[in-house]
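Contents: one structure, followed by commentary.
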Amino acid sequence: MSEPILEISNLSVDYGFGPDAVHAVADASLTLSRGEVLGLAGESGSGKSTLAYAVTRLLREPGVITSGSAIFHGRDGAQDLFDLDAEQIRELRWSQISVVFQSAMNSLNPVFTVGVQLTDVLRAHNKELGRRQRQQRAAELLDMVGITPDRLRSYPHELSGGMRQRVMIAMALALEPRVLIMDEPTTALDVVTQREILQELGELRERLGFAVLFITHDLSLLVELADSIAVMYAGRIVEHAPAESLFRNPRHPYTEGLLGSFPGLHGERKTMTGIPGSPPDLRNLPSGCAFHPRCGYAMDACKAERPELLPISWEPAEPRSASCLLHTDGYQAPESLSKTPKIGSAL
Amino acid sequence: MTEIPVLEAKNLVKHFPVRQGWSLRGAKVHAVEDVSIALRRGTVTAVVGESGSGKSTLARLLARRTSLTGGELLWEGGTQTPSGREYASEVQLVLQDPFASLNPVHGLRYILGRPLKIHGTVDGRSTDDAVKALLERVSLTPSDQFIEKMPHELSGGQRQRVAIARALAVRPKVLLADEPVSMLDVSIRLGVLNLLADLRDREQLAILYVTHDLASARYLADTITVMYAGGVVESGPAVTVADSPQHPYTQLLLSAVPDPDRDGAPRLAGAGSPPSLIHPPAGCRFHPRCPFAMAKCKVEAPPALPVGDGHTSACWLHENTENTQASPAAGTAGAA
């Protein structure tokens with residue numbers, strides 16, 4: 001599990017140049033291990049999608065990768081995705097790294113049948129396959145995501161939203177990539193369809209062993225789905241922890257607030273507050289910690305000093321980190337942010 | 001429950017003609033079929049459903065934004081329903097997307113001042129004062145700064161507050177909110193939901209909350225009505241419906257919702273996707289997906305059957321006590 005497959009370090013992405021540049025992603029580091037599901041949570045404008053676009057080199061102007069590296073441990077050794085030329089990256093996409101976006105509606109070409117689009121991926125990357133083999137493989141792929149192969153002759157408009165998203169997943173898995181990046185893949189779908197697709201994804205992952213970077217705003221979904229979760233706010237990763245620990249014992253005030261923004265399905269109904277204020281304007285970020293104007297624990301130091309994403313010193317047992325001054329030396333984290341799991345409470 | 005509802009809908013039907021396609025000439029989309037719902041003073045009624053369940057059409061029917069194919073709307077118990085502008089001053093609709101529902105070329109002074117002038121609710125104050133009072137009602141303070149702003153200067157949550165303020169300008173008794181928070185960032189959704197709860201408690205508004213999110217309906221609403229394929233499948237007190245759902249569709253919906261507190265992997269209670277509303281299935285519209293479907297379900301649509309105090313479920317499983325035994329006991333969460 002711990003063998004890294006995609007190592008993103010110190011990634012920064014700007015939109016635009018010079019003093020007007022918007023720092024959409026700032027100094028983000030993430031490691032995706034083999035076969036892992038890494039969740040990336042954040043609100044709109046937090047930079048989570050920009051990060052995905054940057055890593056897959058799909059970023060369009062005026063987006064610029066200003067620093068950082070993304071080391072991909074592929075079939076032919078480790079390489080920095082940012083050093084590859086256009087042809088190399090084209091070969092790598094689909095075959096080793098695939099992306100599934102939110103709107104399958106816009107990702108499929110409306111004038112070609114699903115079958116043509118599926119076989120096109122195979123033809124572009126695997127020259128040895130004959131026409132018949134490609135057809136057969138496309139049918140297999142559809143079957144794999146729970147669509148009957150006779151749908152190969154269907155046009156995208158003849159499929160429901162959930163089926164289109166399944167076709168996209170089938171296409172993304174056509175060449176058995178090692179990494180699947182999913183950017184809000186189920187946000188536009190109904191909950192029942194979302195659940196069906198996630199279950200299929202889980203089964204496929206078990207069988208094929210690819211790693212998933214799952215990007216969403218729905219933290220409660222990630223808690224169920226992901227092995228570990230990174231939370232982004234205003235372009236920075238503010239907390240990174242194993243999913244269960246992040247849910248039970250959040251360490252960053254923003255994570256705590258975000259978890260408190262989802263009304264539960266059980267228990268007593270009580271008034272919840274969410275997070276006061278609004279997400280920040282990236283063109284005009286607050287000084288110091290970008291979250292301080294909305295933070296209930298903010299101190300004077302938070303306005304001046306920007307905290308680094310650091311491992312939490314008193315919690316050596318778990319690989320987790322948070323960027324909050326409260327967890328650095330000289331400050332005492334409040335009880336709500338320093339809860340520890342009750343060890344040995346077998347009852 | 002004996003109080004007369006402010007707005008009551010009885011057996012609403014809405015069919016849309018299909019305008020495209022040769023083979024479908026003369027066909028209809030059965031968007032809303034025989035839906036009854038009552039909105040009472042000081043309560044939030046949630047309508048929960050997936051896309052295509054007819055929940056937004058229902059909101060539009062209640063707002064009289066679209067004509068009824070059948071059924072009737074009762075205003076305060078009588079058949080004398082106010083019409084035109086009079087109705088608009090009693091029933092206001094708040095739409096999903098605050099980025100589209102506010103005119104970007106006008107400032108808040110104009111956006112909020114216009115309904116005040118048209119409906120004559122300025123009441124001798126200066127328009128500016130009336131607008132500021134509205135902004136304060138939706139917690140956009142300091143109001144003398146917000147009145148100068150343009151929509152693009154506001155965040156999504158603030159825009160939705162303006163949209164709610166605009167609806168409140170005419171002093172309605174009924175507020176229809178169609179997915180008011182689904183376009184907003186997660187961290188600010190609760191703020192808007194709490195505002196709606198506040199308006200219910202403080203101003204005794206009757207609020208219809210249309211949503212696809214069962215958890216937020218449970219959080220905000222007093223009663224929940226679950227819609228599927230144009231019809232009501234279950235209706236009852238919010239916590240009861242969410243904790244011990246009786247209709248197989250509500251159970252399916254609940255089994256699919258992300259829930260970090262769930263023990264173990266979720267198991268979907270049913271499969272498939274909603275039916276075509278042009279040719280809906282005969283009998284119960286849920287029967288092709290229902291794990292408990294019986295022969296009767298394919299022939300006859302079930303009426304709303306009582307399953308508890310103020311709680312109804314449109315399912316043949318509840319027809320008599322014998323069959324209730326067979327009823328899926330997925331209400332384990334509620335039993336606990």
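Labeling convention for the structure tokens: chains A, B, ... as they appear, residues from 1 per chain, ligands from 1 in order of appearance.
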What are the nearest atom pairs, with distances in Å to one decimal, for all residues of chain B that come at most 8 Å from chain A, using only C-alpha atoms, set out by chain and rising residue number as CSV?
```
residue,atom,partner,partner_atom,distance
B:Glu50,CA,A:Asp190,CA,5.9
B:Ser51,CA,A:Asp190,CA,6.8
B:Ser155,CA,A:Ser278,CA,6.6
B:Gly157,CA,A:Ser278,CA,7.5
B:Asp185,CA,A:Glu43,CA,5.9
B:Val186,CA,A:Ser261,CA,6.6
B:Ser187,CA,A:Ile275,CA,5.3
B:Ile188,CA,A:Ile275,CA,6.3
B:Arg189,CA,A:Gly274,CA,7.3
B:Leu190,CA,A:Gly274,CA,5.3
B:Gly191,CA,A:Gly274,CA,6.5
B:Asn194,CA,A:Thr273,CA,7.9
B:Leu214,CA,A:Leu265,CA,7.9
B:Ala215,CA,A:Leu265,CA,5.3
B:Ser216,CA,A:Pro263,CA,5.9
B:Arg218,CA,A:Leu265,CA,7.2
B:Tyr219,CA,A:Pro263,CA,6.1
B:Ala242,CA,A:Leu265,CA,7.1
B:Asp243,CA,A:His266,CA,6.9
B:Leu252,CA,A:Val192,CA,7.5
B:Leu253,CA,A:Val192,CA,6.3
B:Ala256,CA,A:Val192,CA,5.2
B:Val257,CA,A:Val191,CA,6.1
B:Pro258,CA,A:Leu221,CA,5.1
B:Asp259,CA,A:Ser220,CA,6.4
B:Pro260,CA,A:Glu224,CA,5.7
B:Leu268,CA,A:Arg195,CA,7.7
B:Ser273,CA,A:Thr193,CA,7.4
B:Ala333,CA,A:His266,CA,7.6
```
For Leu129 (chain A), which residue out of A:Leu175, A:Ile312, A:Leu38, A:Leu59 is the nearest one, using only C-alpha atoms?
-> A:Leu175
Long-range neighbours of Cys324 (chain A) as a PyMOL selection string, 10 Å cut-off, only C-alpha atoms, 2 positions minimum in chain = chain A and resi 238-239+251-254+289+291-292+298+302+306-310+312+321-322+326-328+333
Could you please determine the separation between CA of Glu72 (chain B) and CA of Ala221 (chain B) in Å, to one decimal place?
->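 Taking CA of Glu72 (chain B) and CA of Ala221 (chain B), their separation equals 24.3 Å.
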A straight line from CA of Thr31 (chain A) to CA of Ala86 (chain A) spans 23.9 Å
Write out as number ranges by chain each polymer residue whose atoms come within 10 Å of region 19-21 of chain A, counting only C-alpha atoms; drop sequence neighbours fewer than 4 positions from it.
-> A: 13-15, 62-64, 282-283
Writing out the chosen residues with N, CA and C atoms as a PDB file, in the first residue's frame:
```pdb
ATOM      1  N   VAL A  13       0.092  26.712  -8.820  1.00  0.00           N
ATOM      2  CA  VAL A  13      -0.505  27.059 -10.105  1.00  0.00           C
ATOM      3  C   VAL A  13      -1.089  28.458 -10.004  1.00  0.00           C
ATOM      4  N   ASP A  14      -0.743  29.301 -10.982  1.00  0.00           N
ATOM      5  CA  ASP A  14      -1.298  30.652 -11.032  1.00  0.00           C
ATOM      6  C   ASP A  14      -2.219  30.760 -12.240  1.00  0.00           C
ATOM      7  N   TYR A  15      -3.184  31.616 -12.132  1.00  0.00           N
ATOM      8  CA  TYR A  15      -3.921  32.040 -13.320  1.00  0.00           C
ATOM      9  C   TYR A  15      -3.482  33.460 -13.616  1.00  0.00           C
ATOM     10  N   PRO A  62      -5.322  30.966 -18.918  1.00  0.00           N
ATOM     11  CA  PRO A  62      -4.046  31.518 -18.470  1.00  0.00           C
ATOM     12  C   PRO A  62      -3.431  30.771 -17.294  1.00  0.00           C
ATOM     13  N   GLY A  63      -3.779  29.505 -17.124  1.00  0.00           N
ATOM     14  CA  GLY A  63      -3.200  28.763 -16.013  1.00  0.00           C
ATOM     15  C   GLY A  63      -1.733  28.442 -16.263  1.00  0.00           C
ATOM     16  N   VAL A  64      -0.907  28.650 -15.266  1.00  0.00           N
ATOM     17  CA  VAL A  64       0.523  28.371 -15.391  1.00  0.00           C
ATOM     18  C   VAL A  64       0.982  27.599 -14.159  1.00  0.00           C
ATOM     19  N   LEU A 282      -9.879  34.773  -4.058  1.00  0.00           N
ATOM     20  CA  LEU A 282      -8.468  34.436  -4.286  1.00  0.00           C
ATOM     21  C   LEU A 282      -7.655  35.633  -4.760  1.00  0.00           C
ATOM     22  N   ARG A 283      -8.325  36.638  -5.320  1.00  0.00           N
ATOM     23  CA  ARG A 283      -7.595  37.818  -5.762  1.00  0.00           C
ATOM     24  C   ARG A 283      -7.221  38.700  -4.586  1.00  0.00           C
TER      25      ARG A 283
END
```
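Residues of region 67-108 of chain B that DSSP places in strand (DSSP E), based on the backbone of this structure, are Gly70, Gly71, Glu72, Leu73, Leu74, Trp75, Val91, Gln92, Leu93 and Val94 of chain B.
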With a distance cut-off of 9 Å and only C-alpha atoms, select the neighbouring residues of Pro275 (chain B), excluding the residue or stretch itself and same-chain residues fewer than 4 positions from it, and output the selection as a short mmCIF file (atom, residue, chain, number, x, y, z; two decimals) with C-alpha atoms, in the first residue's frame.
```cif
data_model
loop_
_atom_site.label_atom_id
_atom_site.label_comp_id
_atom_site.auth_asym_id
_atom_site.auth_seq_id
_atom_site.Cartn_x
_atom_site.Cartn_y
_atom_site.Cartn_z
CA ALA B 229 -41.79 9.85 -10.83
CA HIS B 279 -44.88 6.14 -20.72
CA PRO B 280 -44.85 5.63 -16.96
CA PRO B 281 -45.26 2.05 -15.74
CA ARG B 285 -44.61 3.68 -10.73
CA PHE B 286 -41.91 2.24 -8.51
CA PRO B 288 -40.06 -2.15 -11.76
#
```
Long-range neighbours of Gly49 (chain B) as a list in words, 9 Å cut-off, only C-alpha atoms, 2 positions minimum in chain | Val47, Ser51, Gly52, Ser53, Gly54, Lys55, Val210, Thr211, His212, Asp213, Leu214, Thr225, Val226, Met227, Tyr228, Ala229 and Leu253 of chain B
Store the residues of this selection in a file with C-alpha atoms, as a compact mmCIF listing (two decimals), in the first residue's frame.
```txt
# COMPACT_ATOMS: atom_id res chain seq x y z
CA VAL B 47 -40.41 17.88 -0.80
CA SER B 51 -34.22 14.78 -10.60
CA GLY B 52 -37.30 14.19 -12.70
CA SER B 53 -39.48 13.38 -9.72
CA GLY B 54 -41.64 16.44 -10.37
CA LYS B 55 -40.63 18.33 -7.27
CA VAL B 210 -37.73 21.48 -2.30
CA THR B 211 -34.56 19.42 -2.17
CA HIS B 212 -32.85 16.23 -3.22
CA ASP B 213 -30.97 16.06 0.05
CA LEU B 214 -32.78 13.99 2.64
CA THR B 225 -43.03 14.54 1.43
CA VAL B 226 -41.10 12.15 -0.78
CA MET B 227 -41.82 12.23 -4.51
CA TYR B 228 -41.02 9.64 -7.11
CA ALA B 229 -41.79 9.85 -10.83
CA LEU B 253 -33.04 6.66 -1.21
```
